[in-house]
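What's in my_file33.txt: compact mmCIF, C-alpha atoms
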# COMPACT_ATOMS: atom_id res chain seq x y z
CA MET A 6 -16.64 5.63 1.33
CA SER A 7 -14.32 4.00 -1.14
CA ASP A 8 -12.44 0.74 -0.96
CA ARG A 9 -12.05 0.78 -4.71
CA ASN A 10 -9.85 2.78 -7.06
CA GLY A 11 -9.92 1.51 -10.64
CA GLN A 12 -9.54 -2.26 -10.44
CA ALA A 13 -7.60 -2.01 -7.14
CA SER A 14 -9.30 -2.65 -3.81
CA ALA A 15 -8.48 -1.94 -0.18
CA LEU A 16 -9.27 -4.09 2.82
CA ASN A 17 -8.98 -3.13 6.50
CA ILE A 18 -9.81 -5.87 9.02
CA PHE A 19 -9.64 -5.36 12.79
CA THR A 20 -10.03 -8.54 14.89
CA PRO A 21 -9.76 -8.71 18.72
CA ILE A 22 -6.84 -10.83 19.96
CA ARG A 23 -7.58 -13.27 22.79
CA PRO A 24 -6.01 -11.90 26.01
CA GLY A 25 -2.59 -13.43 26.62
CA GLU A 26 -2.00 -14.30 22.94
CA GLU A 27 -0.63 -10.91 21.86
CA GLU A 28 3.09 -11.54 22.17
CA ALA A 29 2.90 -15.07 20.74
CA LEU A 30 0.98 -13.71 17.77
CA HIS A 31 3.54 -10.96 17.21
CA ALA A 32 6.38 -13.48 17.51
CA PHE A 33 4.74 -15.78 14.95
CA LEU A 34 4.12 -12.96 12.46
CA ALA A 35 7.57 -11.44 12.94
CA ALA A 36 9.21 -14.83 12.30
CA LEU A 37 7.39 -15.44 9.01
CA PRO A 38 9.68 -15.46 5.98
CA ARG A 39 9.74 -12.16 4.18
CA GLY A 40 9.71 -11.21 0.49
CA ALA A 41 9.09 -14.06 -1.95
CA GLY A 42 8.98 -16.53 0.96
CA SER A 43 6.15 -14.70 2.73
CA PRO A 44 2.93 -16.70 2.92
CA LEU A 45 1.25 -13.65 1.39
CA ALA A 46 3.31 -14.26 -1.78
CA ARG A 47 0.98 -17.24 -2.38
CA SER A 48 -1.87 -14.77 -2.84
CA SER A 49 -1.38 -13.67 -6.45
CA PRO A 50 -3.73 -10.62 -6.33
CA THR A 51 -1.92 -9.05 -3.34
CA HIS A 52 0.13 -5.93 -4.14
CA PHE A 53 0.81 -4.90 -0.53
CA ALA A 54 -0.39 -6.34 2.78
CA ARG A 55 0.51 -6.19 6.46
CA TRP A 56 -0.46 -7.46 9.87
CA VAL A 57 -0.14 -4.89 12.63
CA ILE A 58 -0.87 -5.33 16.33
CA ILE A 59 -2.80 -2.33 17.62
CA ASP A 60 -2.25 -2.29 21.37
CA ARG A 61 -3.07 1.32 22.18
CA LEU A 62 -5.01 4.33 20.94
CA PRO A 63 -3.80 7.93 21.04
CA THR A 64 -3.96 9.66 24.41
CA GLU A 65 -2.13 12.98 24.02
CA CYS A 66 -4.20 16.17 24.38
CA ILE A 67 -7.37 14.07 24.94
CA LYS A 68 -9.21 14.51 28.25
CA LYS A 69 -10.84 11.10 28.28
CA PRO A 70 -9.04 8.98 25.69
CA ASP A 71 -10.45 5.70 24.46
CA ARG A 72 -8.85 2.54 25.81
CA LEU A 73 -8.99 -0.70 23.86
CA ARG A 74 -10.74 -3.57 25.64
CA ARG A 75 -8.84 -5.99 23.47
CA THR A 76 -5.61 -5.56 21.57
CA GLN A 77 -6.54 -5.65 17.88
CA LEU A 78 -4.94 -7.48 15.00
CA LEU A 79 -5.14 -5.25 11.95
CA PHE A 80 -4.80 -6.83 8.53
CA THR A 81 -4.74 -4.53 5.54
CA SER A 82 -4.28 -5.29 1.89
CA SER A 83 -4.14 -3.50 -1.46
CA PHE A 84 -5.18 -6.08 -4.04
CA ASP A 85 -6.82 -6.85 -7.39
CA GLY A 86 -10.52 -7.62 -7.69
CA ASP A 87 -13.34 -7.83 -5.20
CA LYS A 88 -13.15 -8.47 -1.47
CA ARG A 89 -15.02 -11.75 -1.15
CA SER A 90 -13.15 -13.52 -3.97
CA TYR A 91 -9.90 -12.15 -2.60
CA LEU A 92 -10.57 -13.42 0.92
CA GLU A 93 -11.73 -16.80 -0.37
CA ASP A 94 -8.41 -17.15 -2.18
CA LEU A 95 -6.44 -15.82 0.79
CA VAL A 96 -8.07 -18.22 3.25
CA ASP A 97 -7.30 -21.04 0.84
CA VAL A 98 -3.60 -20.22 0.44
CA LEU A 99 -3.03 -19.46 4.16
CA THR A 100 -4.54 -22.70 5.47
CA GLU A 101 -1.40 -23.57 7.46
CA GLU A 102 -0.90 -20.13 9.01
CA ILE A 103 -4.49 -19.15 9.81
CA PRO A 104 -4.74 -21.09 13.12
CA GLU A 105 -1.60 -19.27 14.31
CA ILE A 106 -2.87 -15.86 13.16
CA TRP A 107 -6.62 -15.29 13.20
CA GLY A 108 -6.96 -18.47 15.26
CA ARG A 109 -5.60 -16.40 18.17
CA CYS A 110 -8.47 -13.92 17.81
CA GLU A 111 -11.81 -14.01 19.62
CA GLY A 112 -14.60 -15.69 17.72
CA CYS A 113 -12.50 -16.92 14.79
CA PRO A 114 -14.57 -19.67 13.13
CA ALA A 115 -13.06 -22.94 11.90
CA GLY A 116 -14.60 -23.38 8.44
CA PRO A 117 -13.21 -21.42 5.47
CA ALA A 118 -16.58 -20.04 4.34
CA GLU A 119 -17.42 -18.89 7.89
CA LEU A 120 -13.94 -17.39 8.22
CA VAL A 121 -14.44 -15.29 5.08
CA ASP A 122 -17.78 -14.02 6.45
CA TRP A 123 -16.17 -13.32 9.84
CA LEU A 124 -13.31 -11.37 8.26
CA LEU A 125 -15.72 -9.34 6.13
CA ASP A 126 -17.80 -8.71 9.22
CA HIS A 127 -14.75 -7.22 10.96
CA SER A 128 -13.73 -5.03 8.04
CA VAL A 129 -13.94 -1.25 8.09
CA LYS A 130 -14.43 0.66 4.86
CA SER A 131 -11.80 3.11 3.68
CA SER A 132 -12.80 6.76 3.43
CA PHE A 133 -10.25 7.61 0.75
CA PHE A 134 -8.08 5.17 -1.17
CA VAL A 135 -5.20 6.29 -3.40
CA ALA A 136 -3.61 3.95 -5.97
CA ALA A 137 -0.79 5.11 -8.26
CA TYR A 138 -1.43 2.49 -10.97
CA ASN A 139 -5.05 1.60 -10.36
CA GLN A 140 -5.67 -0.19 -13.67
CA SER A 141 -2.76 -2.62 -13.31
CA THR A 142 -2.90 -5.99 -11.58
CA VAL A 143 0.09 -7.57 -9.84
CA TYR A 144 0.55 -9.66 -13.00
CA ASP A 145 0.51 -6.50 -15.18
CA VAL A 146 3.06 -4.78 -12.94
CA ARG A 147 5.48 -7.70 -12.90
CA ASN A 148 5.03 -8.18 -16.63
CA ALA A 149 5.69 -4.51 -17.31
CA LEU A 150 8.81 -4.50 -15.12
CA ALA A 151 10.12 -7.50 -17.04
CA ALA A 152 9.27 -5.85 -20.40
CA ARG A 153 11.20 -2.73 -19.41
CA GLU A 154 14.25 -4.79 -18.44
CA GLN A 155 14.02 -6.75 -21.68
CA THR A 156 13.68 -3.56 -23.73
CA LEU A 157 16.69 -2.00 -22.05
CA ALA A 158 18.79 -5.11 -22.62
CA PHE A 159 17.72 -5.27 -26.28
CA ALA A 160 18.43 -1.57 -26.84
CA LEU A 161 21.99 -2.03 -25.57
CA ARG A 162 22.49 -5.15 -27.63
CA ALA A 163 21.00 -3.61 -30.80
CA GLN A 164 23.36 -0.63 -30.83
CA ASP A 165 26.01 -2.47 -32.83
CA MET A 166 23.63 -4.20 -35.26
CA ASP A 167 22.82 -3.15 -38.80
CA ALA A 168 19.17 -2.56 -39.78
CA GLU A 169 18.56 -6.11 -41.07
CA GLN A 170 20.09 -7.73 -37.99
CA ARG A 171 18.13 -5.42 -35.67
CA LEU A 172 14.78 -6.24 -37.25
CA HIS A 173 15.54 -9.96 -37.13
CA ALA A 174 16.72 -9.79 -33.51
CA PHE A 175 13.69 -7.70 -32.48
CA ARG A 176 11.25 -10.21 -33.99
CA GLU A 177 13.11 -12.97 -32.19
CA ALA A 178 13.19 -11.17 -28.83
CA PHE A 179 9.61 -9.88 -29.04
CA PRO A 180 7.66 -12.42 -31.12
CA MET B 3 10.02 1.37 30.06
CA SER B 4 7.37 -0.65 31.88
CA SER B 5 4.61 1.90 31.12
CA LEU B 6 5.24 1.54 27.41
CA SER B 7 3.10 -0.77 25.32
CA PRO B 8 4.88 -3.55 23.36
CA GLN B 9 4.41 -1.48 20.20
CA GLU B 10 6.06 1.55 21.81
CA ARG B 11 8.93 -0.60 23.08
CA ARG B 12 9.49 -2.00 19.59
CA ALA B 13 9.59 1.52 18.14
CA LEU B 14 12.04 2.61 20.84
CA ILE B 15 14.55 -0.14 20.09
CA GLY B 16 14.36 0.59 16.35
CA GLU B 17 12.58 -2.61 15.38
CA ALA B 18 10.21 -0.59 13.18
CA GLU B 19 12.98 0.36 10.76
CA LYS B 20 13.40 -3.25 9.64
CA ALA B 21 9.86 -4.59 10.06
CA ASN B 22 8.26 -1.76 8.10
CA VAL B 23 10.53 -2.26 5.09
CA SER B 24 10.36 -4.74 2.21
CA GLY B 25 13.05 -4.07 -0.40
CA ARG B 26 12.51 -0.48 -1.54
CA ALA B 27 8.99 -0.33 -0.08
CA THR B 28 8.16 1.09 3.32
CA ALA B 29 4.96 0.72 5.34
CA LEU B 30 3.53 3.52 7.44
CA THR B 31 0.61 2.77 9.76
CA ALA B 32 -0.75 5.48 12.04
CA ILE B 33 -3.90 6.17 14.06
CA SER B 34 -4.96 9.58 15.34
CA THR B 35 -8.06 10.61 17.28
CA LEU B 36 -10.33 13.18 15.65
CA ARG B 37 -11.73 16.20 17.47
CA PRO B 38 -15.55 15.93 17.58
CA TRP B 39 -16.10 18.94 15.32
CA GLY B 40 -13.64 17.57 12.78
CA VAL B 41 -15.32 14.26 12.10
CA ALA B 42 -17.97 15.68 9.75
CA LEU B 43 -15.35 17.87 8.08
CA ASN B 44 -13.11 14.92 7.29
CA ARG B 45 -16.04 12.84 6.10
CA ALA B 46 -17.05 15.65 3.73
CA PHE B 47 -13.46 16.08 2.55
CA PHE B 48 -13.06 12.38 1.79
CA PHE B 49 -16.51 12.17 0.21
CA LEU B 50 -15.74 15.06 -2.13
CA SER B 51 -12.12 14.07 -2.83
CA PRO B 52 -12.93 11.80 -5.83
CA TYR B 53 -14.56 14.82 -7.45
CA ALA B 54 -11.56 17.07 -6.75
CA PRO B 55 -9.05 16.42 -9.57
CA PHE B 56 -6.63 18.95 -8.06
CA LEU B 57 -6.19 16.66 -5.07
CA HIS B 58 -5.29 13.68 -7.24
CA THR B 59 -2.92 15.85 -9.27
CA LYS B 60 -1.22 16.96 -6.07
CA LEU B 61 -1.01 13.45 -4.72
CA LYS B 62 0.49 12.27 -8.01
CA LYS B 63 3.29 14.78 -7.39
CA LEU B 64 4.17 12.52 -4.50
CA SER B 65 5.42 10.04 -7.03
CA PHE B 66 6.79 7.63 -4.44
CA ILE B 67 3.38 6.46 -3.13
CA HIS B 68 2.14 3.07 -4.38
CA PHE B 69 -1.07 2.88 -2.33
CA ALA B 70 -2.40 4.96 0.57
CA ARG B 71 -5.67 5.16 2.48
CA TRP B 72 -7.49 7.06 5.17
CA VAL B 73 -10.11 5.19 7.20
CA ILE B 74 -12.49 6.86 9.65
CA VAL B 75 -13.14 4.41 12.48
CA ASP B 76 -16.27 5.09 14.57
CA SER B 77 -16.45 1.69 16.18
CA LEU B 78 -14.92 -1.77 16.22
CA ARG B 79 -16.64 -5.00 17.21
CA GLY B 80 -16.53 -5.41 20.99
CA GLU B 81 -15.13 -1.92 21.58
CA ASP B 82 -16.96 1.07 22.99
CA PHE B 83 -15.44 4.29 21.60
CA LYS B 84 -16.29 7.76 22.86
CA HIS B 85 -14.16 9.23 20.09
CA THR B 86 -13.81 8.76 16.36
CA HIS B 87 -10.38 7.66 15.19
CA GLN B 88 -8.62 7.95 11.87
CA PHE B 89 -6.41 5.20 10.54
CA PHE B 90 -3.86 6.12 7.90
CA GLU B 91 -1.76 3.71 5.89
CA SER B 92 0.78 4.26 3.16
CA ASN B 93 3.01 2.03 1.03
CA PHE B 94 5.83 4.09 -0.44
CA ASN B 95 9.49 4.18 -1.52
CA GLY B 96 12.17 5.69 0.64
CA THR B 97 12.39 6.34 4.35
CA SER B 98 9.61 7.58 6.61
CA SER B 99 11.58 10.74 7.19
CA GLN B 100 11.83 11.54 3.46
CA TYR B 101 8.14 10.70 3.07
CA ILE B 102 7.01 13.07 5.79
CA ASP B 103 9.30 15.82 4.49
CA ALA B 104 7.76 15.52 1.04
CA PHE B 105 4.21 15.46 2.40
CA SER B 106 4.97 18.43 4.58
CA TYR B 107 6.36 20.63 1.82
CA VAL B 108 4.47 19.45 -1.30
CA VAL B 109 0.91 19.08 0.01
CA PRO B 110 0.80 21.00 3.34
CA ARG B 111 -2.80 22.17 2.87
CA GLU B 112 -4.08 18.71 1.97
CA LEU B 113 -2.18 17.24 4.90
CA GLY B 114 -3.76 19.85 7.17
CA ALA B 115 -7.18 19.04 5.73
CA THR B 116 -6.87 15.33 6.58
CA PHE B 117 -4.91 15.38 9.86
CA GLY B 118 -5.59 18.95 11.05
CA VAL B 119 -8.64 17.93 13.05
CA SER B 120 -6.67 15.29 15.02
CA TYR B 121 -5.81 15.87 18.66
CA GLY B 122 -2.18 16.95 19.08
CA TRP B 123 -1.78 18.01 15.42
CA PRO B 124 1.30 20.27 15.22
CA GLY B 125 0.63 21.66 11.72
CA PRO B 126 2.15 20.52 8.41
CA VAL B 127 5.30 22.69 8.61
CA PRO B 128 7.99 22.65 9.84
CA ALA B 129 8.50 18.93 9.29
CA ALA B 130 10.26 18.12 12.61
CA PRO B 131 7.17 18.42 14.90
CA LEU B 132 5.14 16.60 12.24
CA LYS B 133 7.63 13.71 12.24
CA SER B 134 7.40 13.55 15.99
CA PHE B 135 3.58 13.51 15.79
CA ILE B 136 3.63 10.67 13.23
CA THR B 137 6.18 8.69 15.28
CA ARG B 138 3.98 8.96 18.39
CA HIS B 139 0.96 7.73 16.43
CA GLU B 140 2.73 5.06 14.40
CA TYR B 141 2.54 1.26 14.71
CA THR B 142 5.19 -1.21 13.64
CA ALA B 143 4.03 -3.93 11.26
CA SER B 144 4.54 -7.44 12.58
CA HIS B 145 4.68 -8.62 8.98
CA PHE B 146 4.80 -6.51 5.83
CA TYR B 147 4.60 -7.85 2.27
CA CYS B 148 5.15 -6.25 -1.12
CA ALA B 149 4.70 -8.24 -4.35
CA TYR B 150 7.49 -6.36 -6.19
CA PRO B 151 9.84 -5.11 -3.46
CA GLN B 152 12.62 -3.89 -5.75
CA ALA B 153 10.35 -1.66 -7.86
CA THR B 154 9.68 1.98 -7.09
CA THR B 155 6.42 3.64 -8.11
CA THR B 156 8.25 5.59 -10.81
CA MET B 157 9.80 2.38 -12.18
CA ILE B 158 6.35 0.78 -12.35
CA LEU B 159 4.70 3.73 -14.12
CA SER B 160 7.61 3.88 -16.56
CA SER B 161 7.48 0.13 -17.17
CA LEU B 162 3.76 0.25 -17.90
CA GLU B 163 4.40 3.01 -20.45
CA VAL B 164 7.28 1.10 -22.07
CA LYS B 165 5.20 -2.06 -22.25
CA LYS B 166 2.30 -0.25 -23.93
CA ARG B 167 4.55 1.29 -26.60
CA LEU B 168 6.51 -1.94 -27.04
CA ALA B 169 3.29 -3.88 -27.67
CA ASP B 170 2.40 -1.41 -30.41
CA LEU B 171 5.84 -1.63 -32.02
CA ARG B 172 5.74 -5.42 -31.81
CA VAL B 173 2.56 -5.55 -33.91
CA ARG B 174 3.74 -2.98 -36.44
CA ALA B 175 7.18 -4.63 -36.80
CA ARG B 176 5.58 -7.75 -38.31
CA ASP B 177 4.92 -5.92 -41.59
CA MET B 178 7.97 -3.66 -41.72
CA ASP B 179 11.11 -3.96 -43.78
CA ALA B 180 14.50 -3.21 -42.21
CA ALA B 181 14.52 0.49 -43.15
CA GLU B 182 10.99 1.08 -41.84
CA PHE B 183 11.80 -0.74 -38.62
CA ASP B 184 14.99 1.27 -38.18
CA GLU B 185 12.98 4.48 -38.27
CA ALA B 186 10.28 3.07 -35.98
CA TRP B 187 12.87 1.76 -33.53
CA ASN B 188 14.61 5.13 -33.29
CA GLU B 189 11.26 6.84 -32.79
CA PHE B 190 10.37 4.29 -30.08
CA LEU B 191 13.68 4.86 -28.29
CA THR B 192 13.19 8.62 -28.35
CA GLU B 193 9.72 8.21 -26.86
CA VAL B 194 10.70 5.79 -24.08
CA GLN B 195 14.29 6.77 -23.29
CA HIS B 196 13.32 8.65 -20.12
CA HIS B 197 11.39 5.55 -18.98
CA LEU B 198 14.38 3.20 -19.34

With the file now loaded, output its structure as structure tokens.
Amino acid sequence: MSDRNGQASALNIFTPIRPGEEEALHAFLAALPRGAGSPLARSSPTHFARWVIIDRLPTECIKKPDRLRRTQLLFTSSFDGDKRSYLEDLVDVLTEEIPEIWGRCEGCPAGPAELVDWLLDHSVKSSFFVAAYNQSTVYDVRNALAAREQTLAFALRAQDMDAEQRLHAFREAFP
Amino acid sequence: MSSLSPQERRALIGEAEKANVSGRATALTAISTLRPWGVALNRAFFFLSPYAPFLHTKLKKLSFIHFARWVIVDSLRGEDFKHTHQFFESNFNGTSSQYIDAFSYVVPRELGATFGVSYGWPGPVPAAPLKSFITRHEYTASHFYCAYPQATTTMILSSLEVKKRLADLRVRARDMDAAEFDEAWNEFLTEVQHHL
């Protein structure tokens, strides 16, 4: 069992949606702003995350397939650090949205500390977790992307400089 | 249409194509049911996988994957399962179709080892039946987030390499004269040019 790869962690949380709330929950999630406007953008350790409504289980080629009693809300995340600290931060930054999301699930507690425990209680451990850059935080990744852009821009600019100018400009651009 | 679940209806009308995408990143979420004899096999495979460098090497060949996971699900709170299910998630660059093609042809054995014990598994090649299998087991994200949506995995790995070498040059440049820096700069560019 491994929810950890380097400094990166994985989280998989299945919570049962209250009957009748499924479509409203989907509509709320689907209407959330995307990209930089996503509420998940407020969670600085989150690399990738998603909410998925699981309303069925596979049936093909299975004599007696399992049927879900409750449609499940699946939340998964690939993030930096440990699970509890991550969820504490997440619950803090999603205060406005939580009643509309996990608040539509059975047994969702009101208090933030209880909510973190409840979410952990509904988590399922990963069996195998792959991370392409497992030693780099979101901050590291963004920083590196910016450094690459800056280097490229400097390299283009420095082409027409003499040695003295280039050294001076480099020290200025990369103090 | 009425016998379809909301998820299946969304997939049918093509909603998944937009909802599962954030910039250059795509989300794939799938659940399959494991044959009883395959549960222990998959557990053993996943348990041993961290000690199998060849698997990581192979997966690294799939250079468009940011993060992926396999999760064996025996039970969920409030549910009573007769079967064991396997949840698979990936965050990658490109389209689902390209992703499955690459998986199918680059790591067919590994794909067979992880999904081969699922009911309805068509085999890793050819890719068309595999795509159909994944589509039938896939779920559309209601909300998908990526912290750096315009960056591919390759761009990130390259950027990390550039940043490391740049940090080194930055320190060394403090004590260099113009001629020394000129040489160091050219050396740096040669080293990082394929990362820019």

Determine the nearest neighbour of chain B from the options A:Arg74, A:Lys68, A:Arg9, A:Lys88, counting only C-alpha atoms.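 Closest candidate: A:Arg74.
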
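As for CA of Phe146 in chain B and CA of Ser83 in chain A, they are spaced 11.9 Å apart.
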
Have a look at B:Phe135, B:Trp187, B:Tyr107, B:Phe69 and name the one nearest to chain A; count only C-alpha atoms. B:Phe69

Give the answer as one residue: which of A:Ser132, A:Thr142, A:Ser7, A:Gln155 has the shortest atom-to-atom distance to chain B, using all atoms listed in the file? A:Ser132

Residues of chain A within 6 Å of chain B, counting all atoms listed in the file, what are they? List them as a list of chain:residue names. A:His31, A:Leu34, A:Ala35, A:His52, A:Phe53, A:Ala54, A:Arg55, A:Trp56, A:Val57, A:Cys66, A:Asp71, A:Ser131, A:Ser132, A:Phe133, A:Phe134, A:Val135, A:Ala136, A:Ala137, A:Ala149, A:Leu150, A:Ala152, A:Arg153, A:Ala168, A:Glu169, A:Leu172

Contact residues around Pro44 in chain A with all atoms listed in the file at 9 Å, ignoring same-chain residues under 5 positions, as a list in words: Leu37, Pro38, Arg39, Val98, Leu99 and Glu102 of chain A

Provide the CA of Thr20 in chain A to CA of Thr97 in chain B distance in Å, to one decimal place.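 Straight-line distance from CA of Thr20 in chain A to CA of Thr97 in chain B works out to 28.9 Å.
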
Test item: axis-aligned box, all listed atoms of range 154-170 of chain A, 3 Å on each side, centre and edges in Å rounded to one decimal, as AutoDock Vina command-line options:
--center_x 19.8 --center_y -4.2 --center_z -29.8 --size_x 18.3 --size_y 13.1 --size_z 28.6

Contacts of Asp94 in chain A at 12 Å (only C-alpha atoms; same-chain gap of 2+ positions) as a VMD selection string: chain A and resid 45 47 to 51 84 to 92 96 to 100 117 to 118 120 to 121

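Of note, CA of Ile59 in chain A and CA of Arg109 in chain A are spaced 14.4 Å apart.
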
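Comparing B:Ser98, B:Glu112, B:Val127, B:Ser106 by their smallest distance to Ala54 in chain B, the closest is B:Glu112 (using only C-alpha atoms).
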
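Nearest residue to Gln77 in chain A, choosing from A:Phe175, A:Phe159, A:Phe33, A:Trp107 and counting all atoms listed in the file: A:Trp107.
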